[in-house]
Amino acid sequence: HWESDECDFLDVTMGLWRIQEVMRQVALRHPPESPIDPRGRSALFSPLPGDEHSLGTLMVEEVFARAGWQTEVLINPKRRELLQIIAERQFDLVGLTISCDCTTGSIADLISAIRSISCAPKVQILIGGQMVNANPGMVEEVGADGTAVDANSFLALADRLVKRSASL
């Protein structure tokens with residue numbers, strides 16, 4: 001409806017707010033069946049800095065949290081903030097959602113920076129979102145480890161790439 005100009009900005013904003021409220025209510029009423037294991041896998045999810053679309057990021061984070069991953073999510077981060085968190089805390093996986101029209105060079109530069117400052121020597125970086133779905137070849141171009149078309153597929157890929165700690 002947004003793309004065909006049948007809904008205005010206010011309608012879309014209110015619709016997205018309501019979807020986020022429903023997600024929160026579902027999460028509160030139906031806690032994850034898989035408890036979070038403090039020795040398990042950890043993931044940080046964020047929209048690409050400068051990208052204002054966060055619904056997909058929140059949805060992916062919720063799927064991972066329900067699967068027992070230790071998760072954190074950033075909404076509308078600055079590049080410096082994102083890199084600082086990755087430098088200070090160990091994440092097995094960083095998931096970036098990309099909806100804005102940006103150059104593959106800037107995405108590749110961010111991924112390179114994440115790898116160089118990450119506390120996790122084998123950090124896996126997955127990308128997704130509207131821009132990536134439209135151009136799946138972007139994964140190789142920017143140096144990411146993979147992508148998937150939806151949150152459940154993203155989780156399945158992450159489960160293959162990031163094994164549980166040997167201590168489990």
# chains A, B, ... in the order shown; residues from 1 in each chain; ligands from 1

call {"tool": "select_by_dssp", "arguments": {"residues": "region 31-106 of chain A", "states": "helix (DSSP H, G or I)", "output": "list in words"}}
result
Leu55, Gly56, Thr57, Leu58, Met59, Val60, Glu61, Glu62, Val63, Phe64, Ala65, Arg66, Arg79, Arg80, Glu81, Leu82, Leu83, Gln84, Ile85, Ile86, Ala87, Glu88, Thr104, Gly105 and Ser106 of chain A

call {"tool": "residues_around", "arguments": {"residues": "Ile98 (chain A)", "least_positions_apart": "5", "cutoff": "8 Å", "atoms": "only C-alpha atoms", "output": "ChimeraX atom specification"}}
result
/A:47-48,51,127-132

call {"tool": "write_last_selection", "arguments": {"atoms": "all heavy atoms", "output": "PDB file, in the first residue's frame"}}
result
ATOM      1  N   PRO A  47      20.116  -2.714  12.292  1.00  0.00           N
ATOM      2  CA  PRO A  47      20.015  -2.204  10.929  1.00  0.00           C
ATOM      3  C   PRO A  47      21.370  -1.591  10.564  1.00  0.00           C
ATOM      4  O   PRO A  47      22.148  -1.209  11.448  1.00  0.00           O
ATOM      5  CB  PRO A  47      18.953  -1.110  11.010  1.00  0.00           C
ATOM      6  CG  PRO A  47      18.364  -1.179  12.362  1.00  0.00           C
ATOM      7  CD  PRO A  47      19.291  -1.963  13.221  1.00  0.00           C
ATOM      8  N   LEU A  48      21.654  -1.512   9.299  1.00  0.00           N
ATOM      9  CA  LEU A  48      22.851  -0.825   8.845  1.00  0.00           C
ATOM     10  C   LEU A  48      22.803   0.606   9.379  1.00  0.00           C
ATOM     11  O   LEU A  48      21.742   1.239   9.317  1.00  0.00           O
ATOM     12  CB  LEU A  48      22.871  -0.827   7.318  1.00  0.00           C
ATOM     13  CG  LEU A  48      24.149  -0.376   6.647  1.00  0.00           C
ATOM     14  CD1 LEU A  48      25.252  -1.413   6.881  1.00  0.00           C
ATOM     15  CD2 LEU A  48      23.916  -0.190   5.168  1.00  0.00           C
ATOM     16  N   ASP A  51      20.228   3.408   8.348  1.00  0.00           N
ATOM     17  CA  ASP A  51      18.975   2.807   7.870  1.00  0.00           C
ATOM     18  C   ASP A  51      17.934   2.956   8.971  1.00  0.00           C
ATOM     19  O   ASP A  51      18.165   2.549  10.104  1.00  0.00           O
ATOM     20  CB  ASP A  51      19.203   1.330   7.560  1.00  0.00           C
ATOM     21  CG  ASP A  51      18.083   0.703   6.750  1.00  0.00           C
ATOM     22  OD1 ASP A  51      16.951   1.223   6.779  1.00  0.00           O
ATOM     23  OD2 ASP A  51      18.341  -0.329   6.115  1.00  0.00           O
ATOM     24  N   ILE A 127      23.868 -10.875   6.499  1.00  0.00           N
ATOM     25  CA  ILE A 127      23.133  -9.685   6.082  1.00  0.00           C
ATOM     26  C   ILE A 127      21.786 -10.107   5.517  1.00  0.00           C
ATOM     27  O   ILE A 127      21.633 -11.215   5.003  1.00  0.00           O
ATOM     28  CB  ILE A 127      23.918  -8.836   5.055  1.00  0.00           C
ATOM     29  CG1 ILE A 127      24.235  -9.633   3.786  1.00  0.00           C
ATOM     30  CG2 ILE A 127      25.191  -8.282   5.694  1.00  0.00           C
ATOM     31  CD1 ILE A 127      24.868  -8.810   2.674  1.00  0.00           C
ATOM     32  N   GLY A 128      20.819  -9.237   5.641  1.00  0.00           N
ATOM     33  CA  GLY A 128      19.494  -9.517   5.110  1.00  0.00           C
ATOM     34  C   GLY A 128      18.717  -8.238   4.940  1.00  0.00           C
ATOM     35  O   GLY A 128      19.199  -7.161   5.261  1.00  0.00           O
ATOM     36  N   GLY A 129      17.522  -8.379   4.432  1.00  0.00           N
ATOM     37  CA  GLY A 129      16.668  -7.222   4.233  1.00  0.00           C
ATOM     38  C   GLY A 129      16.325  -7.020   2.774  1.00  0.00           C
ATOM     39  O   GLY A 129      16.790  -7.759   1.891  1.00  0.00           O
ATOM     40  N   GLN A 130      15.532  -6.029   2.529  1.00  0.00           N
ATOM     41  CA  GLN A 130      14.995  -5.754   1.201  1.00  0.00           C
ATOM     42  C   GLN A 130      16.086  -5.611   0.145  1.00  0.00           C
ATOM     43  O   GLN A 130      15.997  -6.174  -0.941  1.00  0.00           O
ATOM     44  CB  GLN A 130      14.150  -4.484   1.264  1.00  0.00           C
ATOM     45  CG  GLN A 130      13.585  -4.043  -0.047  1.00  0.00           C
ATOM     46  CD  GLN A 130      12.814  -2.741   0.076  1.00  0.00           C
ATOM     47  OE1 GLN A 130      12.601  -2.225   1.154  1.00  0.00           O
ATOM     48  NE2 GLN A 130      12.390  -2.213  -1.040  1.00  0.00           N
ATOM     49  N   MET A 131      17.139  -4.875   0.456  1.00  0.00           N
ATOM     50  CA  MET A 131      18.194  -4.644  -0.524  1.00  0.00           C
ATOM     51  C   MET A 131      18.950  -5.927  -0.852  1.00  0.00           C
ATOM     52  O   MET A 131      19.314  -6.167  -2.000  1.00  0.00           O
ATOM     53  CB  MET A 131      19.154  -3.580  -0.015  1.00  0.00           C
ATOM     54  CG  MET A 131      19.656  -2.708  -1.132  1.00  0.00           C
ATOM     55  SD  MET A 131      20.656  -1.388  -0.487  1.00  0.00           S
ATOM     56  CE  MET A 131      22.007  -1.541  -1.625  1.00  0.00           C
ATOM     57  N   VAL A 132      19.170  -6.754   0.153  1.00  0.00           N
ATOM     58  CA  VAL A 132      19.900  -8.006  -0.051  1.00  0.00           C
ATOM     59  C   VAL A 132      19.022  -9.007  -0.797  1.00  0.00           C
ATOM     60  O   VAL A 132      19.509  -9.715  -1.689  1.00  0.00           O
ATOM     61  CB  VAL A 132      20.368  -8.588   1.296  1.00  0.00           C
ATOM     62  CG1 VAL A 132      21.184  -9.853   1.078  1.00  0.00           C
ATOM     63  CG2 VAL A 132      21.186  -7.567   2.073  1.00  0.00           C
TER      64      VAL A 132
END

call {"tool": "select_by_dssp", "arguments": {"residues": "region 30-145 of chain A", "states": "strand (DSSP E)", "output": "ChimeraX atom specification"}}
result
/A:42-47,70-73,93-97,124-128

call {"tool": "residues_around", "arguments": {"residues": "Arg115 (chain A)", "least_positions_apart": "5", "cutoff": "12 Å", "atoms": "only C-alpha atoms", "output": "count of residues only"}}
result
20

call {"tool": "residues_around", "arguments": {"residues": "Ser54 (chain A)", "least_positions_apart": "4", "cutoff": "12 Å", "atoms": "only C-alpha atoms", "output": "mmCIF file with N, CA, C and O atoms, in the first residue's frame"}}
result
data_model
loop_
_atom_site.group_PDB
_atom_site.id
_atom_site.type_symbol
_atom_site.label_atom_id
_atom_site.label_comp_id
_atom_site.auth_asym_id
_atom_site.auth_seq_id
_atom_site.Cartn_x
_atom_site.Cartn_y
_atom_site.Cartn_z
ATOM 1 N N THR A 13 3.365 4.416 9.627
ATOM 2 C CA THR A 13 3.999 4.524 10.951
ATOM 3 C C THR A 13 3.133 3.885 12.028
ATOM 4 O O THR A 13 3.622 3.121 12.862
ATOM 5 N N LEU A 16 3.205 0.046 11.615
ATOM 6 C CA LEU A 16 4.456 -0.540 12.114
ATOM 7 C C LEU A 16 4.504 -0.521 13.634
ATOM 8 O O LEU A 16 4.946 -1.486 14.266
ATOM 9 N N TRP A 17 4.038 0.567 14.249
ATOM 10 C CA TRP A 17 3.994 0.643 15.708
ATOM 11 C C TRP A 17 3.105 -0.471 16.261
ATOM 12 O O TRP A 17 3.460 -1.145 17.211
ATOM 13 N N ILE A 19 2.311 -3.369 14.843
ATOM 14 C CA ILE A 19 2.974 -4.661 14.652
ATOM 15 C C ILE A 19 4.017 -4.886 15.747
ATOM 16 O O ILE A 19 4.111 -5.978 16.315
ATOM 17 N N GLN A 20 4.788 -3.855 16.078
ATOM 18 C CA GLN A 20 5.789 -3.986 17.148
ATOM 19 C C GLN A 20 5.125 -4.244 18.494
ATOM 20 O O GLN A 20 5.634 -5.024 19.299
ATOM 21 N N PHE A 45 22.123 -7.897 16.614
ATOM 22 C CA PHE A 45 21.372 -7.555 15.410
ATOM 23 C C PHE A 45 21.208 -6.049 15.336
ATOM 24 O O PHE A 45 20.955 -5.395 16.340
ATOM 25 N N SER A 46 21.340 -5.526 14.118
ATOM 26 C CA SER A 46 21.246 -4.087 13.933
ATOM 27 C C SER A 46 20.900 -3.768 12.485
ATOM 28 O O SER A 46 21.366 -4.452 11.572
ATOM 29 N N PRO A 47 20.116 -2.714 12.292
ATOM 30 C CA PRO A 47 20.015 -2.204 10.929
ATOM 31 C C PRO A 47 21.370 -1.591 10.564
ATOM 32 O O PRO A 47 22.148 -1.209 11.448
ATOM 33 N N LEU A 48 21.654 -1.512 9.299
ATOM 34 C CA LEU A 48 22.851 -0.825 8.845
ATOM 35 C C LEU A 48 22.803 0.606 9.379
ATOM 36 O O LEU A 48 21.742 1.239 9.317
ATOM 37 N N PRO A 49 23.891 1.120 9.957
ATOM 38 C CA PRO A 49 23.853 2.509 10.431
ATOM 39 C C PRO A 49 23.365 3.442 9.327
ATOM 40 O O PRO A 49 23.804 3.358 8.180
ATOM 41 N N GLY A 50 22.416 4.290 9.683
ATOM 42 C CA GLY A 50 21.805 5.204 8.735
ATOM 43 C C GLY A 50 20.492 4.691 8.169
ATOM 44 O O GLY A 50 19.719 5.445 7.590
ATOM 45 N N LEU A 58 14.103 -6.378 14.517
ATOM 46 C CA LEU A 58 13.427 -6.816 15.740
ATOM 47 C C LEU A 58 12.834 -8.215 15.587
ATOM 48 O O LEU A 58 12.892 -9.033 16.518
ATOM 49 N N MET A 59 12.291 -8.499 14.420
ATOM 50 C CA MET A 59 11.687 -9.809 14.192
ATOM 51 C C MET A 59 12.745 -10.917 14.196
ATOM 52 O O MET A 59 12.546 -11.975 14.803
ATOM 53 N N VAL A 60 13.867 -10.673 13.534
ATOM 54 C CA VAL A 60 14.945 -11.667 13.498
ATOM 55 C C VAL A 60 15.492 -11.896 14.905
ATOM 56 O O VAL A 60 15.702 -13.037 15.332
ATOM 57 N N GLU A 61 15.690 -10.823 15.657
ATOM 58 C CA GLU A 61 16.208 -10.953 17.028
ATOM 59 C C GLU A 61 15.267 -11.793 17.879
ATOM 60 O O GLU A 61 15.704 -12.636 18.665
ATOM 61 N N VAL A 73 19.903 -6.238 20.466
ATOM 62 C CA VAL A 73 19.460 -5.553 19.256
ATOM 63 C C VAL A 73 19.713 -4.063 19.411
ATOM 64 O O VAL A 73 19.538 -3.501 20.492
ATOM 65 N N LEU A 74 20.184 -3.458 18.351
ATOM 66 C CA LEU A 74 20.371 -2.012 18.307
ATOM 67 C C LEU A 74 19.356 -1.445 17.328
ATOM 68 O O LEU A 74 19.106 -2.033 16.273
ATOM 69 N N ILE A 75 18.788 -0.321 17.670
ATOM 70 C CA ILE A 75 17.842 0.360 16.797
ATOM 71 C C ILE A 75 18.441 1.717 16.445
ATOM 72 O O ILE A 75 18.784 2.490 17.331
ATOM 73 N N ASN A 76 18.595 1.964 15.164
ATOM 74 C CA ASN A 76 19.119 3.237 14.669
ATOM 75 C C ASN A 76 20.491 3.597 15.255
ATOM 76 O O ASN A 76 20.685 4.710 15.749
ATOM 77 N N PRO A 77 21.448 2.666 15.194
ATOM 78 C CA PRO A 77 22.764 2.974 15.761
ATOM 79 C C PRO A 77 23.602 3.842 14.831
ATOM 80 O O PRO A 77 23.400 3.861 13.618
ATOM 81 N N LEU A 96 23.115 -7.936 10.186
ATOM 82 C CA LEU A 96 22.813 -6.585 9.719
ATOM 83 C C LEU A 96 21.648 -6.636 8.747
ATOM 84 O O LEU A 96 21.646 -7.450 7.816
ATOM 85 N N THR A 97 20.650 -5.779 8.954
ATOM 86 C CA THR A 97 19.557 -5.669 7.999
ATOM 87 C C THR A 97 19.786 -4.416 7.161
ATOM 88 O O THR A 97 20.203 -3.378 7.676
ATOM 89 N N ILE A 98 19.516 -4.564 5.865
ATOM 90 C CA ILE A 98 19.811 -3.486 4.921
ATOM 91 C C ILE A 98 18.575 -3.229 4.074
ATOM 92 O O ILE A 98 18.204 -4.062 3.248
ATOM 93 N N SER A 99 17.958 -2.084 4.308
ATOM 94 C CA SER A 99 16.785 -1.699 3.522
ATOM 95 C C SER A 99 17.033 -0.436 2.719
ATOM 96 O O SER A 99 16.361 -0.186 1.736
ATOM 97 N N CYS A 100 17.993 0.360 3.155
ATOM 98 C CA CYS A 100 18.245 1.636 2.482
ATOM 99 C C CYS A 100 19.074 1.422 1.222
ATOM 100 O O CYS A 100 19.727 0.397 1.054
ATOM 101 N N GLY A 128 20.819 -9.237 5.641
ATOM 102 C CA GLY A 128 19.494 -9.517 5.110
ATOM 103 C C GLY A 128 18.717 -8.238 4.940
ATOM 104 O O GLY A 128 19.199 -7.161 5.261
ATOM 105 N N GLY A 129 17.522 -8.379 4.432
ATOM 106 C CA GLY A 129 16.668 -7.222 4.233
ATOM 107 C C GLY A 129 16.325 -7.020 2.774
ATOM 108 O O GLY A 129 16.790 -7.759 1.891
ATOM 109 N N GLN A 130 15.532 -6.029 2.529
ATOM 110 C CA GLN A 130 14.995 -5.754 1.201
ATOM 111 C C GLN A 130 16.086 -5.611 0.145
ATOM 112 O O GLN A 130 15.997 -6.174 -0.941
#

call {"tool": "residues_around", "arguments": {"residues": "Phe154 (chain A)", "least_positions_apart": "2", "cutoff": "10 Å", "atoms": "only C-alpha atoms", "output": "number ranges by chain"}}
result
A: 60, 63-64, 95, 126-128, 146-152, 156-159

call {"tool": "residues_around", "arguments": {"residues": "Trp69 (chain A)", "least_positions_apart": "4", "cutoff": "6 Å", "atoms": "only C-alpha atoms", "output": "count of residues only"}}
result
4

call {"tool": "atom_distance", "arguments": {"atom1": "CA of Gln70 (chain A)", "atom2": "CA of Ile111 (chain A)"}}
result
21.2 Å

call {"tool": "atom_distance", "arguments": {"atom1": "CA of Ala134 (chain A)", "atom2": "CA of Thr71 (chain A)"}}
result
26.7 Å

call {"tool": "atom_distance", "arguments": {"atom1": "CA of Thr103 (chain A)", "atom2": "CA of Arg160 (chain A)"}}
result
28.7 Å
